[in-house]
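Peer 1: Can you keep this structure in mind? I'll have questions shortly.
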Amino acid sequence: MTKIIETSHLTKKYKNTTVVDEINISVEQGDIYGFLGPNGAGKTTTIRMLLGLIKPTKGDIKVFGKKLADNRMAILKEVGSLVEYPSFYANLTGYENLEAIRRLLRIEDKHRINEILRTVGLLNAKDKLVKNYSLGMKQRLGIGIALLGSPNLLILDEPTNGLDPAGIQEIRELIKKLPSLYGITVMISSHILSEIDQMANKVGIINNGNLIFQDRIEVLRKKSSPRIIIRVNDSESAQTILKKDGLNVALNSKKELVINEIDDDLISYIAEKLMMSRLSLYRIYEEKRSLEDIFLDLTTNKERDIL
Amino acid sequence: MNHVIASDQLKMKRTFIKPISFLFPFLILLLSFLILSMQKESMTSQVNSMWESMVVLTHFIIMFVIPMAITIMVSNLISLEHQNNSWKLLFALPISKFSFYFSKLYMILKLCFLSGIVIFLGFIVIGKILNFKGDIPYALLLGEAFLPFLGTFPIITFQLWLSIRFKNQAFPIAIGVFGTVCMFFLQMNKITSMFFWAYPALMTPVKQLIIDGNLAEIVPNGDLGFYTLLSIVFGLIFMVIGMFDFSRQSTE
């Protein structure tokens with residue numbers, strides 16, 4: 001797989017605060033990369049650095065295998081972007097906005113504008129002034145502007161910010177079809193996991209400027225599979241006993257045993273084993289965790305990492 | 001470069017920028033016409049040609065109106081990008097930042113040129129309506145229509161710099177208004193007239209001598225070359241400053 005975006009030790013400091021700290025992002029061809037993190041985690045700063053809008057304090061960025069610092073113009077030719085709020089000229093219609101950008105990018109084919117308007121579902125509203133657009137329409141126009149130059153890489157910063165569920169759904173459907181339709185690689189940031197969950201195949205989670213997770217979305221999902229929690233009076237000795245049996249048992253912060261298997265027979269075997277060892281068994285329960293829980297766990301309390 | 005200009009051209013649609021560039025020459029001409037038609041009797045008795053008297057009189061209007069209009073036009077043109085948060089969009093395109101700057105500068109210069117043509121044609125119309133004697137002095141009228149604009153070149157590049165630098169346009173506009181008000185005092189003595197806000201007042205093809213407190217003969221303006229040079233030099237200095245300040249501007 002070709003690497004589309006690759007950063008090494010990317011860092012941005014403002015005076016004494018480190019906004020982005022040594023992050024190594026890796027996005028491959030055809031990925032929809034979900035870039036997740038709470039507000040203020042450093043998502044937008046990272047994206048601005050990827051577009052060369054601000055200079056990193058330290059570290060390297062490679063896009064399409066080329067160094068961004070030396071090949072900015074050549075790289076930007078193949079990148080479409082939407083940073084934070086969409087930019088558009090409120091005094092122009094949707095069509096004229098795309099036309100203004102078409103002129104800038106020197107795209108000869110005027111039909112491309114209608115094509116884009118159709119893709120983002122604004123064909124019927126193309127002659128309406130953008131200041132009269134709804135928020136969802138503005139966001140879609142922003143994505144349309146980003147798509148106009150037929151980019152190979154699309155970088156979208158919070159494209160669903162402030163949208164209602166229907167609007168989020170529309171954007172999601174639009175983004176999902178891009179890689180298969182045009183072979184575009186997409187990087188999309190958000191602070192809501194469930195949004196990313198349904199379109200991304202790879203996820204990077206940033207918190208306080210640190211990239212704390214980066215892998216396939218399945219790996220993240222696996223973490224949300226149910227587990228069995230057992231509370232006993234002496235968890236340390238219980239752990240030793242069970243480990244002797246070759247069972248993978250962890251302890252959580254409440255000193256409870258955590259077992260990642262939920263097989264009925266196995267659980268009853270464990271219960272029996274613990275009772276035989278004269279330990280008091282207080283509770284056995286199944287814990288179901290949503291992706292949101294994991295996201296919150298990862299971002300709010302790193303120390304309490306029990307995974 | 002052309003493609004950036006073509007895009008900027010479209011962006012001005014439904015804004016006040018173009019109407020302003022046509023309205024202010026009409027305002028100048030209208031004021032000039034009203035004053036001339038009221039003063040016609042007293043003026044024809046003078047030794048000076050009516051064409052020259054018109055130029056001298058109109059210059060007092062021009063020197064205030066043009067810098068004001070430029071301040072407003074520059075601010076409007078630039079705030080188009082500020083208000084729509086579009087710098088970050090533009091800077092993320094594979095286009096040199098310098099070409100965005102030059103396109104904006106070109107837009108203003110072009111509008112000034114068109115305004116100059118309106119003023120020039122307006123002079124001829126006024127002369128014809130009020131029946132001025134003698135042939136039309138084309139060189140004189142062209143001079144009065146365009147030289148004040150040349151004198152505002154430093155103001156254009158200075159205001160462009162301020163308007164780009166500050167997102168809140170109240171500040172550049174306040175500076176523009178303040179400078180225009182100061183102009184009248186700045187042009188009164190040799191030293192302060194070196195300051196660039198004085199140039200529009202001094203860039204005129206002719207000036208009227210004042211002898212013993214009375215208006216006397218109208219003579220060609222001998223300082224024209226000097227102030228033309230100053231206008232160009234300071235205009236270019238502010239252009240370079242503005243350009244580099246713009247190029248290192250991030251979108252923060």
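Just so we're on the same page: first chain in the structure tokens is A, next is B, and so on; residues restart at 1 for each chain, and ligands are numbered from 1 in the order they show up.
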Could you list, as a list of chain:residue names, every residue of chain A that has an atom within 6 Å of an atom of chain B, counting only C-alpha atoms?
Peer 2: A:Ile54, A:Met73, A:Leu76, A:Lys77, A:Ser87, A:Phe88, A:Tyr89, A:Ala100, A:Arg103, A:Leu104
Peer 1: Restricting it to all heavy atoms, dump the selection as a short mmCIF file (atom, residue, chain, number, x, y, z; two decimals), in the first residue's frame.
Peer 2:
```cif
data_model
loop_
_atom_site.label_atom_id
_atom_site.label_comp_id
_atom_site.auth_asym_id
_atom_site.auth_seq_id
_atom_site.Cartn_x
_atom_site.Cartn_y
_atom_site.Cartn_z
N ILE A 54 0.31 26.35 8.34
CA ILE A 54 1.24 26.78 9.39
C ILE A 54 2.44 25.84 9.36
O ILE A 54 2.34 24.70 8.89
CB ILE A 54 0.59 26.77 10.80
CG1 ILE A 54 -0.14 25.45 11.06
CG2 ILE A 54 -0.34 27.93 11.00
CD1 ILE A 54 -0.70 25.34 12.46
N MET A 73 3.52 23.32 -3.46
CA MET A 73 2.64 23.63 -4.58
C MET A 73 2.23 22.37 -5.34
O MET A 73 1.06 22.18 -5.66
CB MET A 73 3.32 24.61 -5.54
CG MET A 73 3.39 26.02 -5.00
SD MET A 73 1.75 26.75 -4.78
CE MET A 73 2.15 28.15 -3.76
N LEU A 76 -0.22 20.42 -3.17
CA LEU A 76 -1.54 21.05 -3.02
C LEU A 76 -2.39 20.91 -4.27
O LEU A 76 -3.61 20.94 -4.20
CB LEU A 76 -1.38 22.53 -2.66
CG LEU A 76 -0.91 22.81 -1.23
CD1 LEU A 76 -0.81 24.30 -0.98
CD2 LEU A 76 -1.85 22.18 -0.21
N LYS A 77 -1.75 20.74 -5.42
CA LYS A 77 -2.50 20.53 -6.67
C LYS A 77 -3.38 19.29 -6.58
O LYS A 77 -4.38 19.19 -7.27
CB LYS A 77 -1.53 20.37 -7.84
CG LYS A 77 -1.09 21.69 -8.43
CD LYS A 77 -0.51 21.50 -9.82
CE LYS A 77 -0.08 22.83 -10.37
NZ LYS A 77 1.36 23.06 -10.36
N SER A 87 -15.32 27.81 3.80
CA SER A 87 -15.12 29.15 3.28
C SER A 87 -15.92 29.29 1.99
O SER A 87 -15.90 28.41 1.15
CB SER A 87 -13.65 29.37 2.94
OG SER A 87 -12.86 29.10 4.05
N PHE A 88 -16.65 30.37 1.87
CA PHE A 88 -17.38 30.61 0.64
C PHE A 88 -17.69 32.09 0.60
O PHE A 88 -17.57 32.78 1.61
CB PHE A 88 -18.68 29.80 0.60
CG PHE A 88 -19.40 29.86 1.89
CD1 PHE A 88 -20.12 30.99 2.25
CD2 PHE A 88 -19.34 28.81 2.80
CE1 PHE A 88 -20.75 31.08 3.47
CE2 PHE A 88 -19.96 28.89 4.03
CZ PHE A 88 -20.67 30.03 4.35
N TYR A 89 -18.06 32.57 -0.56
CA TYR A 89 -18.38 33.98 -0.70
C TYR A 89 -19.89 34.13 -0.60
O TYR A 89 -20.63 33.67 -1.47
CB TYR A 89 -17.80 34.52 -2.00
CG TYR A 89 -16.30 34.39 -2.00
CD1 TYR A 89 -15.67 33.29 -2.56
CD2 TYR A 89 -15.53 35.33 -1.34
CE1 TYR A 89 -14.29 33.16 -2.49
CE2 TYR A 89 -14.16 35.20 -1.26
CZ TYR A 89 -13.55 34.13 -1.84
OH TYR A 89 -12.19 33.98 -1.76
N ALA A 100 -15.71 30.75 -9.15
CA ALA A 100 -14.56 31.55 -8.69
C ALA A 100 -13.35 30.66 -8.43
O ALA A 100 -12.23 31.00 -8.79
CB ALA A 100 -14.93 32.34 -7.43
N ARG A 103 -11.90 29.21 -11.73
CA ARG A 103 -11.00 30.15 -12.39
C ARG A 103 -9.62 30.13 -11.73
O ARG A 103 -8.60 30.15 -12.41
CB ARG A 103 -11.56 31.57 -12.32
CG ARG A 103 -12.78 31.75 -13.20
CD ARG A 103 -13.29 33.18 -13.14
NE ARG A 103 -14.55 33.30 -13.87
CZ ARG A 103 -15.18 34.46 -14.05
NH1 ARG A 103 -14.67 35.57 -13.57
NH2 ARG A 103 -16.31 34.50 -14.72
N LEU A 104 -9.63 30.08 -10.40
CA LEU A 104 -8.35 30.07 -9.68
C LEU A 104 -7.53 28.83 -10.04
O LEU A 104 -6.33 28.91 -10.20
CB LEU A 104 -8.59 30.08 -8.17
CG LEU A 104 -8.85 31.42 -7.51
CD1 LEU A 104 -9.09 31.22 -6.03
CD2 LEU A 104 -7.65 32.33 -7.71
#
```
Peer 1: So that I can see what lies close to A:Ala90, please list as a PDB file with all heavy atoms, in the first residue's frame the residues with an atom at most 8 Å from it, counting only C-alpha atoms and leaving out residues fewer than 5 positions away in the same chain.
Peer 2:
```pdb
ATOM      1  N   LEU A 129     -28.321  32.412  -3.510  1.00  0.00           N
ATOM      2  CA  LEU A 129     -27.163  33.020  -2.849  1.00  0.00           C
ATOM      3  C   LEU A 129     -26.743  32.157  -1.670  1.00  0.00           C
ATOM      4  O   LEU A 129     -27.585  31.651  -0.931  1.00  0.00           O
ATOM      5  CB  LEU A 129     -27.502  34.428  -2.362  1.00  0.00           C
ATOM      6  CG  LEU A 129     -27.678  35.502  -3.425  1.00  0.00           C
ATOM      7  CD1 LEU A 129     -27.929  36.851  -2.768  1.00  0.00           C
ATOM      8  CD2 LEU A 129     -26.465  35.591  -4.331  1.00  0.00           C
ATOM      9  N   VAL A 130     -25.450  32.015  -1.495  1.00  0.00           N
ATOM     10  CA  VAL A 130     -24.954  31.119  -0.456  1.00  0.00           C
ATOM     11  C   VAL A 130     -25.332  31.605   0.941  1.00  0.00           C
ATOM     12  O   VAL A 130     -25.506  30.815   1.859  1.00  0.00           O
ATOM     13  CB  VAL A 130     -23.429  30.933  -0.604  1.00  0.00           C
ATOM     14  CG1 VAL A 130     -22.845  30.209   0.576  1.00  0.00           C
ATOM     15  CG2 VAL A 130     -23.137  30.160  -1.870  1.00  0.00           C
ATOM     16  N   LYS A 131     -25.529  32.931   1.090  1.00  0.00           N
ATOM     17  CA  LYS A 131     -25.915  33.405   2.426  1.00  0.00           C
ATOM     18  C   LYS A 131     -27.302  32.898   2.822  1.00  0.00           C
ATOM     19  O   LYS A 131     -27.635  32.887   3.992  1.00  0.00           O
ATOM     20  CB  LYS A 131     -25.815  34.925   2.526  1.00  0.00           C
ATOM     21  CG  LYS A 131     -26.716  35.698   1.615  1.00  0.00           C
ATOM     22  CD  LYS A 131     -26.513  37.200   1.858  1.00  0.00           C
ATOM     23  CE  LYS A 131     -26.943  37.993   0.649  1.00  0.00           C
ATOM     24  NZ  LYS A 131     -26.222  39.233   0.497  1.00  0.00           N
TER      25      LYS A 131
ATOM     26  N   ASN B  84     -15.533  36.138   4.884  1.00  0.00           N
ATOM     27  CA  ASN B  84     -15.925  34.803   4.440  1.00  0.00           C
ATOM     28  C   ASN B  84     -14.934  33.729   4.875  1.00  0.00           C
ATOM     29  O   ASN B  84     -15.010  32.592   4.429  1.00  0.00           O
ATOM     30  CB  ASN B  84     -16.092  34.788   2.925  1.00  0.00           C
ATOM     31  CG  ASN B  84     -17.252  35.647   2.479  1.00  0.00           C
ATOM     32  OD1 ASN B  84     -18.317  35.588   3.074  1.00  0.00           O
ATOM     33  ND2 ASN B  84     -17.054  36.456   1.464  1.00  0.00           N
TER      34      ASN B  84
END
```
Peer 1: Run DSSP on the backbone of this structure and report the residues of stretch 12-228 of chain B it assigns to helix (DSSP H, G or I), as a PyMOL selection string.
Peer 2: chain B and resi 17-44+50-83+87-91+97-129+138-151+153-165+170-186+192-194+196-202+224-228
Peer 1: Need to verify the contact set: stretch 38-40 of chain A, 9 Å, only C-alpha atoms, exclusion of same-chain residues closer than 3 positions in sequence. Can you return it as an NGL selection string?
Peer 2: :A and (19 or 43-44 or 190-192 or 206-209 or 299)
Peer 1: Give me, as a list in words, all polymer residues having an atom no more than 10 Å from A:Leu220, counting only C-alpha atoms and skipping those fewer than 3 positions away in the same chain.
Peer 2: Asp197, Lys202, Val203, Phe213, Gln214, Asp215, Arg216, Ile217, Lys223, Ser224, Ser225, Leu291, Ile294 and Phe295 of chain A
Peer 1: Would you mind exporting N, CA, C and O atoms of the selected residues as a CSV table (one decimal), in the first residue's frame?
Peer 2:
```csv
chain,number,residue,atom,x,y,z
A,197,ASP,N,-17.2,6.2,12.9
A,197,ASP,CA,-17.3,4.8,13.0
A,197,ASP,C,-18.0,4.2,11.7
A,197,ASP,O,-17.6,3.2,11.3
A,202,LYS,N,-9.9,3.4,9.1
A,202,LYS,CA,-8.8,3.5,9.9
A,202,LYS,C,-9.0,4.7,10.9
A,202,LYS,O,-9.6,5.7,10.4
A,203,VAL,N,-8.5,4.6,12.1
A,203,VAL,CA,-8.8,5.7,13.0
A,203,VAL,C,-7.5,6.1,13.8
A,203,VAL,O,-6.7,5.3,14.1
A,213,PHE,N,-3.9,6.5,19.8
A,213,PHE,CA,-4.4,5.3,19.1
A,213,PHE,C,-4.3,5.5,17.6
A,213,PHE,O,-4.7,6.5,17.1
A,214,GLN,N,-3.8,4.5,16.9
A,214,GLN,CA,-3.9,4.5,15.5
A,214,GLN,C,-3.9,3.1,14.9
A,214,GLN,O,-2.9,2.4,15.0
A,215,ASP,N,-5.0,2.7,14.4
A,215,ASP,CA,-5.1,1.4,13.8
A,215,ASP,C,-6.4,1.3,13.0
A,215,ASP,O,-7.2,2.2,12.9
A,216,ARG,N,-6.6,0.0,12.5
A,216,ARG,CA,-7.9,-0.2,11.8
A,216,ARG,C,-9.1,0.0,12.7
A,216,ARG,O,-8.9,-0.3,13.9
A,217,ILE,N,-10.2,0.3,12.2
A,217,ILE,CA,-11.4,0.6,13.1
A,217,ILE,C,-11.8,-0.7,13.7
A,217,ILE,O,-12.3,-0.7,14.9
A,223,LYS,N,-12.2,-3.9,21.0
A,223,LYS,CA,-12.1,-3.4,22.3
A,223,LYS,C,-13.4,-3.3,23.0
A,223,LYS,O,-13.6,-3.2,24.2
A,224,SER,N,-14.4,-3.2,22.2
A,224,SER,CA,-15.7,-2.9,22.7
A,224,SER,C,-16.5,-4.2,22.9
A,224,SER,O,-17.6,-4.2,23.3
A,225,SER,N,-15.9,-5.4,22.6
A,225,SER,CA,-16.6,-6.6,22.8
A,225,SER,C,-16.8,-6.9,24.3
A,225,SER,O,-16.0,-6.4,25.1
A,291,LEU,N,-18.3,1.9,21.7
A,291,LEU,CA,-17.2,2.6,21.2
A,291,LEU,C,-17.0,4.0,21.9
A,291,LEU,O,-15.9,4.4,22.2
A,294,ILE,N,-15.1,3.6,25.0
A,294,ILE,CA,-13.7,3.4,24.8
A,294,ILE,C,-13.0,4.7,24.4
A,294,ILE,O,-11.9,5.0,24.9
A,295,PHE,N,-13.7,5.4,23.6
A,295,PHE,CA,-13.1,6.7,23.2
A,295,PHE,C,-12.9,7.6,24.4
A,295,PHE,O,-11.9,8.2,24.6
```
Peer 1: Would you mind listing what lies within 12 Å of B:Phe185 as a list in words, with only C-alpha atoms counted and same-chain residues fewer than 3 positions away left out?
Peer 2: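 The contact residues come out as Phe178, Gly179, Thr180, Val181, Cys182, Met188, Asn189, Lys190, Ile191, Thr192, Ser193, Met194, Phe195, Trp197, Ala198, Tyr199, Ala201 and Leu202 of chain B.
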Peer 1: Would you output that residue set with N, CA and C atoms, as a short mmCIF file (atom, residue, chain, number, x, y, z; two decimals), in the first residue's frame?
Peer 2:
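Result written to part32.cif:
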```cif
data_model
loop_
_atom_site.label_atom_id
_atom_site.label_comp_id
_atom_site.auth_asym_id
_atom_site.auth_seq_id
_atom_site.Cartn_x
_atom_site.Cartn_y
_atom_site.Cartn_z
N PHE B 178 -8.54 59.61 9.15
CA PHE B 178 -7.65 60.50 9.87
C PHE B 178 -6.59 61.10 8.92
N GLY B 179 -6.01 60.24 8.09
CA GLY B 179 -5.00 60.70 7.13
C GLY B 179 -5.57 61.75 6.19
N THR B 180 -6.79 61.50 5.72
CA THR B 180 -7.42 62.43 4.78
C THR B 180 -7.64 63.80 5.43
N VAL B 181 -8.07 63.76 6.69
CA VAL B 181 -8.31 65.02 7.40
C VAL B 181 -6.98 65.77 7.60
N CYS B 182 -5.94 65.00 7.90
CA CYS B 182 -4.63 65.61 8.15
C CYS B 182 -4.01 66.21 6.88
N MET B 188 0.51 72.07 3.82
CA MET B 188 0.69 73.51 3.94
C MET B 188 2.15 73.93 4.02
N ASN B 189 3.03 73.10 4.56
CA ASN B 189 4.44 73.50 4.51
C ASN B 189 5.33 72.39 3.92
N LYS B 190 6.49 72.82 3.54
CA LYS B 190 7.40 71.98 2.75
C LYS B 190 7.77 70.67 3.45
N ILE B 191 8.02 70.75 4.75
CA ILE B 191 8.51 69.56 5.46
C ILE B 191 7.40 68.51 5.59
N THR B 192 6.25 68.93 6.14
CA THR B 192 5.19 67.94 6.36
C THR B 192 4.61 67.44 5.04
N SER B 193 4.81 68.19 3.98
CA SER B 193 4.26 67.73 2.70
C SER B 193 5.08 66.58 2.12
N MET B 194 6.18 66.24 2.78
CA MET B 194 6.94 65.06 2.36
C MET B 194 6.22 63.77 2.81
N PHE B 195 5.33 63.93 3.75
CA PHE B 195 4.60 62.77 4.26
C PHE B 195 3.56 62.32 3.22
N TRP B 197 0.63 61.20 3.04
CA TRP B 197 -0.79 61.58 3.00
C TRP B 197 -1.01 62.95 2.34
N ALA B 198 0.09 63.72 2.16
CA ALA B 198 -0.05 65.05 1.56
C ALA B 198 -0.06 65.00 0.03
N TYR B 199 0.46 63.91 -0.54
CA TYR B 199 0.68 63.89 -2.00
C TYR B 199 -0.57 64.15 -2.84
N ALA B 201 -2.92 66.08 -2.47
CA ALA B 201 -3.18 67.51 -2.52
C ALA B 201 -2.20 68.22 -3.44
N LEU B 202 -0.99 67.66 -3.53
CA LEU B 202 0.07 68.35 -4.28
C LEU B 202 0.18 67.88 -5.72
#
```
Peer 1: I need the strand (DSSP E) residues of stretch 70-145 of chain A per DSSP on the backbone, written as number ranges by chain.
Peer 2: A: 79-82
Peer 1: For those residues, write all heavy atoms to a file as a short mmCIF file (atom, residue, chain, number, x, y, z; two decimals), in the first residue's frame.
Peer 2:
```cif
data_model
loop_
_atom_site.label_atom_id
_atom_site.label_comp_id
_atom_site.auth_asym_id
_atom_site.auth_seq_id
_atom_site.Cartn_x
_atom_site.Cartn_y
_atom_site.Cartn_z
N VAL A 79 -4.59 18.02 -3.65
CA VAL A 79 -5.28 17.96 -2.36
C VAL A 79 -6.49 18.88 -2.36
O VAL A 79 -6.40 20.03 -2.82
CB VAL A 79 -4.32 18.37 -1.21
CG1 VAL A 79 -5.05 18.36 0.12
CG2 VAL A 79 -3.13 17.44 -1.16
N GLY A 80 -7.61 18.39 -1.88
CA GLY A 80 -8.76 19.25 -1.66
C GLY A 80 -8.97 19.35 -0.17
O GLY A 80 -8.75 18.38 0.55
N SER A 81 -9.36 20.52 0.31
CA SER A 81 -9.47 20.64 1.76
C SER A 81 -10.67 21.47 2.20
O SER A 81 -11.18 22.31 1.46
CB SER A 81 -8.19 21.27 2.33
OG SER A 81 -8.07 22.59 1.86
N LEU A 82 -11.08 21.21 3.40
CA LEU A 82 -12.12 22.00 4.06
C LEU A 82 -11.67 22.13 5.50
O LEU A 82 -11.63 21.15 6.23
CB LEU A 82 -13.47 21.26 3.97
CG LEU A 82 -14.61 21.79 4.83
CD1 LEU A 82 -14.97 23.20 4.45
CD2 LEU A 82 -15.83 20.91 4.66
#
```
Peer 1: Excluding B:Ile129 and any residue of its chain fewer than 6 positions from it, enumerate the residues within 10 Å of it, using only C-alpha atoms, and give them as a PyMOL selection string.
Peer 2: chain B and resi 33+37+123
Peer 1: Got a sec: who's within 10 Å of stretch 217-220 of chain B, counting only C-alpha atoms, leaving out chain neighbours fewer than 2 positions off, as a compact mmCIF listing (two decimals) with all heavy atoms, in the first residue's frame?
Peer 2:
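Saved the output as result27.txt:
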```txt
# COMPACT_ATOMS: atom_id res chain seq x y z
N GLN B 46 -12.10 87.06 -14.14
CA GLN B 46 -10.67 86.89 -13.84
C GLN B 46 -9.85 86.72 -15.12
O GLN B 46 -10.37 86.43 -16.19
CB GLN B 46 -10.46 85.66 -12.96
CG GLN B 46 -10.91 85.88 -11.53
CD GLN B 46 -10.70 84.63 -10.69
OE1 GLN B 46 -9.97 83.74 -11.09
NE2 GLN B 46 -11.33 84.59 -9.54
N VAL B 47 -8.52 86.84 -14.91
CA VAL B 47 -7.62 86.68 -16.05
C VAL B 47 -7.50 85.23 -16.50
O VAL B 47 -7.16 84.94 -17.63
CB VAL B 47 -6.20 87.22 -15.70
CG1 VAL B 47 -6.19 88.72 -15.76
CG2 VAL B 47 -5.74 86.68 -14.36
N ASN B 48 -7.77 84.31 -15.55
CA ASN B 48 -7.52 82.90 -15.84
C ASN B 48 -8.59 82.30 -16.73
O ASN B 48 -9.74 82.74 -16.72
CB ASN B 48 -7.46 82.12 -14.54
CG ASN B 48 -6.37 82.63 -13.63
OD1 ASN B 48 -5.24 82.78 -14.05
ND2 ASN B 48 -6.74 82.95 -12.40
N SER B 49 -8.20 81.26 -17.46
CA SER B 49 -9.17 80.56 -18.29
C SER B 49 -10.13 79.79 -17.39
O SER B 49 -9.75 79.34 -16.30
CB SER B 49 -8.45 79.61 -19.26
OG SER B 49 -8.78 78.28 -18.97
N GLU B 52 -8.98 76.30 -16.47
CA GLU B 52 -7.99 76.23 -15.40
C GLU B 52 -8.64 76.48 -14.03
O GLU B 52 -8.32 75.82 -13.05
CB GLU B 52 -6.87 77.26 -15.65
CG GLU B 52 -5.94 76.82 -16.77
CD GLU B 52 -4.86 77.84 -17.08
OE1 GLU B 52 -4.99 78.99 -16.64
OE2 GLU B 52 -3.90 77.47 -17.78
N SER B 53 -9.56 77.44 -14.01
CA SER B 53 -10.26 77.71 -12.75
C SER B 53 -11.02 76.49 -12.27
O SER B 53 -11.05 76.18 -11.08
CB SER B 53 -11.24 78.88 -12.92
OG SER B 53 -10.54 80.03 -13.28
N VAL B 56 -8.54 74.01 -10.69
CA VAL B 56 -8.09 74.45 -9.36
C VAL B 56 -9.19 74.22 -8.33
O VAL B 56 -8.95 73.68 -7.24
CB VAL B 56 -7.67 75.93 -9.39
CG1 VAL B 56 -7.44 76.44 -7.97
CG2 VAL B 56 -6.42 76.11 -10.23
N LEU B 140 -4.32 69.26 -19.74
CA LEU B 140 -4.63 69.77 -18.41
C LEU B 140 -5.70 68.89 -17.72
O LEU B 140 -5.55 68.50 -16.56
CB LEU B 140 -5.14 71.21 -18.52
CG LEU B 140 -5.64 71.84 -17.22
CD1 LEU B 140 -4.46 72.20 -16.33
CD2 LEU B 140 -6.49 73.07 -17.50
N THR B 204 -1.18 68.03 -8.77
CA THR B 204 -2.12 68.73 -9.65
C THR B 204 -1.32 69.41 -10.76
O THR B 204 -0.19 69.85 -10.51
CB THR B 204 -2.96 69.76 -8.86
OG1 THR B 204 -3.64 70.60 -9.78
CG2 THR B 204 -2.08 70.62 -7.96
N PRO B 205 -1.84 69.47 -11.96
CA PRO B 205 -1.05 70.05 -13.05
C PRO B 205 -0.82 71.55 -12.91
O PRO B 205 0.17 72.07 -13.39
CB PRO B 205 -1.88 69.74 -14.30
CG PRO B 205 -3.25 69.46 -13.82
CD PRO B 205 -3.12 68.93 -12.45
N VAL B 206 -1.77 72.25 -12.27
CA VAL B 206 -1.62 73.71 -12.13
C VAL B 206 -1.93 74.13 -10.70
O VAL B 206 -2.60 73.41 -9.96
CB VAL B 206 -2.60 74.46 -13.07
CG1 VAL B 206 -2.17 74.34 -14.52
CG2 VAL B 206 -4.02 73.97 -12.88
N LYS B 207 -1.41 75.28 -10.30
CA LYS B 207 -1.83 75.81 -9.01
C LYS B 207 -2.04 77.32 -9.10
O LYS B 207 -1.45 77.99 -9.97
CB LYS B 207 -0.83 75.46 -7.92
CG LYS B 207 0.59 75.92 -8.17
CD LYS B 207 1.47 75.44 -7.04
CE LYS B 207 2.92 75.86 -7.26
NZ LYS B 207 3.83 75.30 -6.27
N GLN B 208 -2.84 77.82 -8.20
CA GLN B 208 -3.16 79.25 -8.24
C GLN B 208 -2.27 79.99 -7.25
O GLN B 208 -2.15 79.60 -6.10
CB GLN B 208 -4.63 79.45 -7.89
CG GLN B 208 -5.09 80.89 -8.11
CD GLN B 208 -6.59 80.96 -8.34
OE1 GLN B 208 -7.33 80.13 -7.82
NE2 GLN B 208 -7.02 81.92 -9.13
N LEU B 209 -1.64 81.01 -7.74
CA LEU B 209 -0.80 81.81 -6.85
C LEU B 209 -1.68 82.70 -5.99
O LEU B 209 -2.77 83.10 -6.39
CB LEU B 209 0.15 82.68 -7.68
CG LEU B 209 1.15 81.95 -8.57
CD1 LEU B 209 1.93 82.96 -9.41
CD2 LEU B 209 2.09 81.08 -7.74
N ILE B 210 -1.19 82.97 -4.80
CA ILE B 210 -1.92 83.89 -3.93
C ILE B 210 -1.00 85.07 -3.65
O ILE B 210 0.08 84.92 -3.08
CB ILE B 210 -2.34 83.21 -2.61
CG1 ILE B 210 -3.29 82.06 -2.94
CG2 ILE B 210 -3.02 84.21 -1.67
CD1 ILE B 210 -3.62 81.17 -1.79
N ILE B 211 -1.38 86.24 -4.13
CA ILE B 211 -0.56 87.45 -3.94
C ILE B 211 -1.33 88.43 -3.07
O ILE B 211 -2.47 88.78 -3.38
CB ILE B 211 -0.21 88.09 -5.30
CG1 ILE B 211 0.62 87.07 -6.14
CG2 ILE B 211 0.58 89.38 -5.11
CD1 ILE B 211 0.82 87.47 -7.57
N ASN B 214 -4.81 87.67 -2.14
CA ASN B 214 -5.82 87.55 -3.19
C ASN B 214 -5.45 86.44 -4.17
O ASN B 214 -4.27 86.17 -4.41
CB ASN B 214 -5.94 88.86 -3.97
CG ASN B 214 -6.47 89.96 -3.09
OD1 ASN B 214 -7.43 89.77 -2.34
ND2 ASN B 214 -5.81 91.12 -3.14
N LEU B 215 -6.47 85.81 -4.71
CA LEU B 215 -6.23 84.79 -5.72
C LEU B 215 -5.71 85.46 -6.97
O LEU B 215 -6.27 86.46 -7.43
CB LEU B 215 -7.51 84.05 -6.03
CG LEU B 215 -8.10 83.20 -4.90
CD1 LEU B 215 -9.42 82.60 -5.31
CD2 LEU B 215 -7.11 82.12 -4.50
N GLY B 222 5.22 73.39 -10.56
CA GLY B 222 6.62 73.04 -10.77
C GLY B 222 7.11 71.85 -9.96
O GLY B 222 8.10 71.21 -10.29
N ASP B 223 6.41 71.53 -8.86
CA ASP B 223 6.85 70.45 -7.97
C ASP B 223 6.36 69.07 -8.41
O ASP B 223 6.60 68.08 -7.73
CB ASP B 223 6.32 70.69 -6.55
CG ASP B 223 6.84 71.98 -5.97
OD1 ASP B 223 7.96 72.38 -6.36
OD2 ASP B 223 6.13 72.60 -5.15
N LEU B 224 5.69 69.05 -9.54
CA LEU B 224 5.03 67.81 -9.97
C LEU B 224 5.99 66.63 -10.04
O LEU B 224 5.70 65.55 -9.52
CB LEU B 224 4.38 68.06 -11.34
CG LEU B 224 3.19 67.19 -11.67
CD1 LEU B 224 2.15 67.26 -10.57
CD2 LEU B 224 2.57 67.63 -12.99
```
Peer 1: Rounded to one decimal in Å, what is the spacing between atom CA of A:Asp31 and atom CA of A:Thr7?
Peer 2: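 Here the two named atoms are 15.8 Å from each other.
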Peer 1: Rounded to one decimal, what separation in Å do you get between atom CA of A:Arg172 and atom CA of A:Arg72?
Peer 2: 29.0 Å
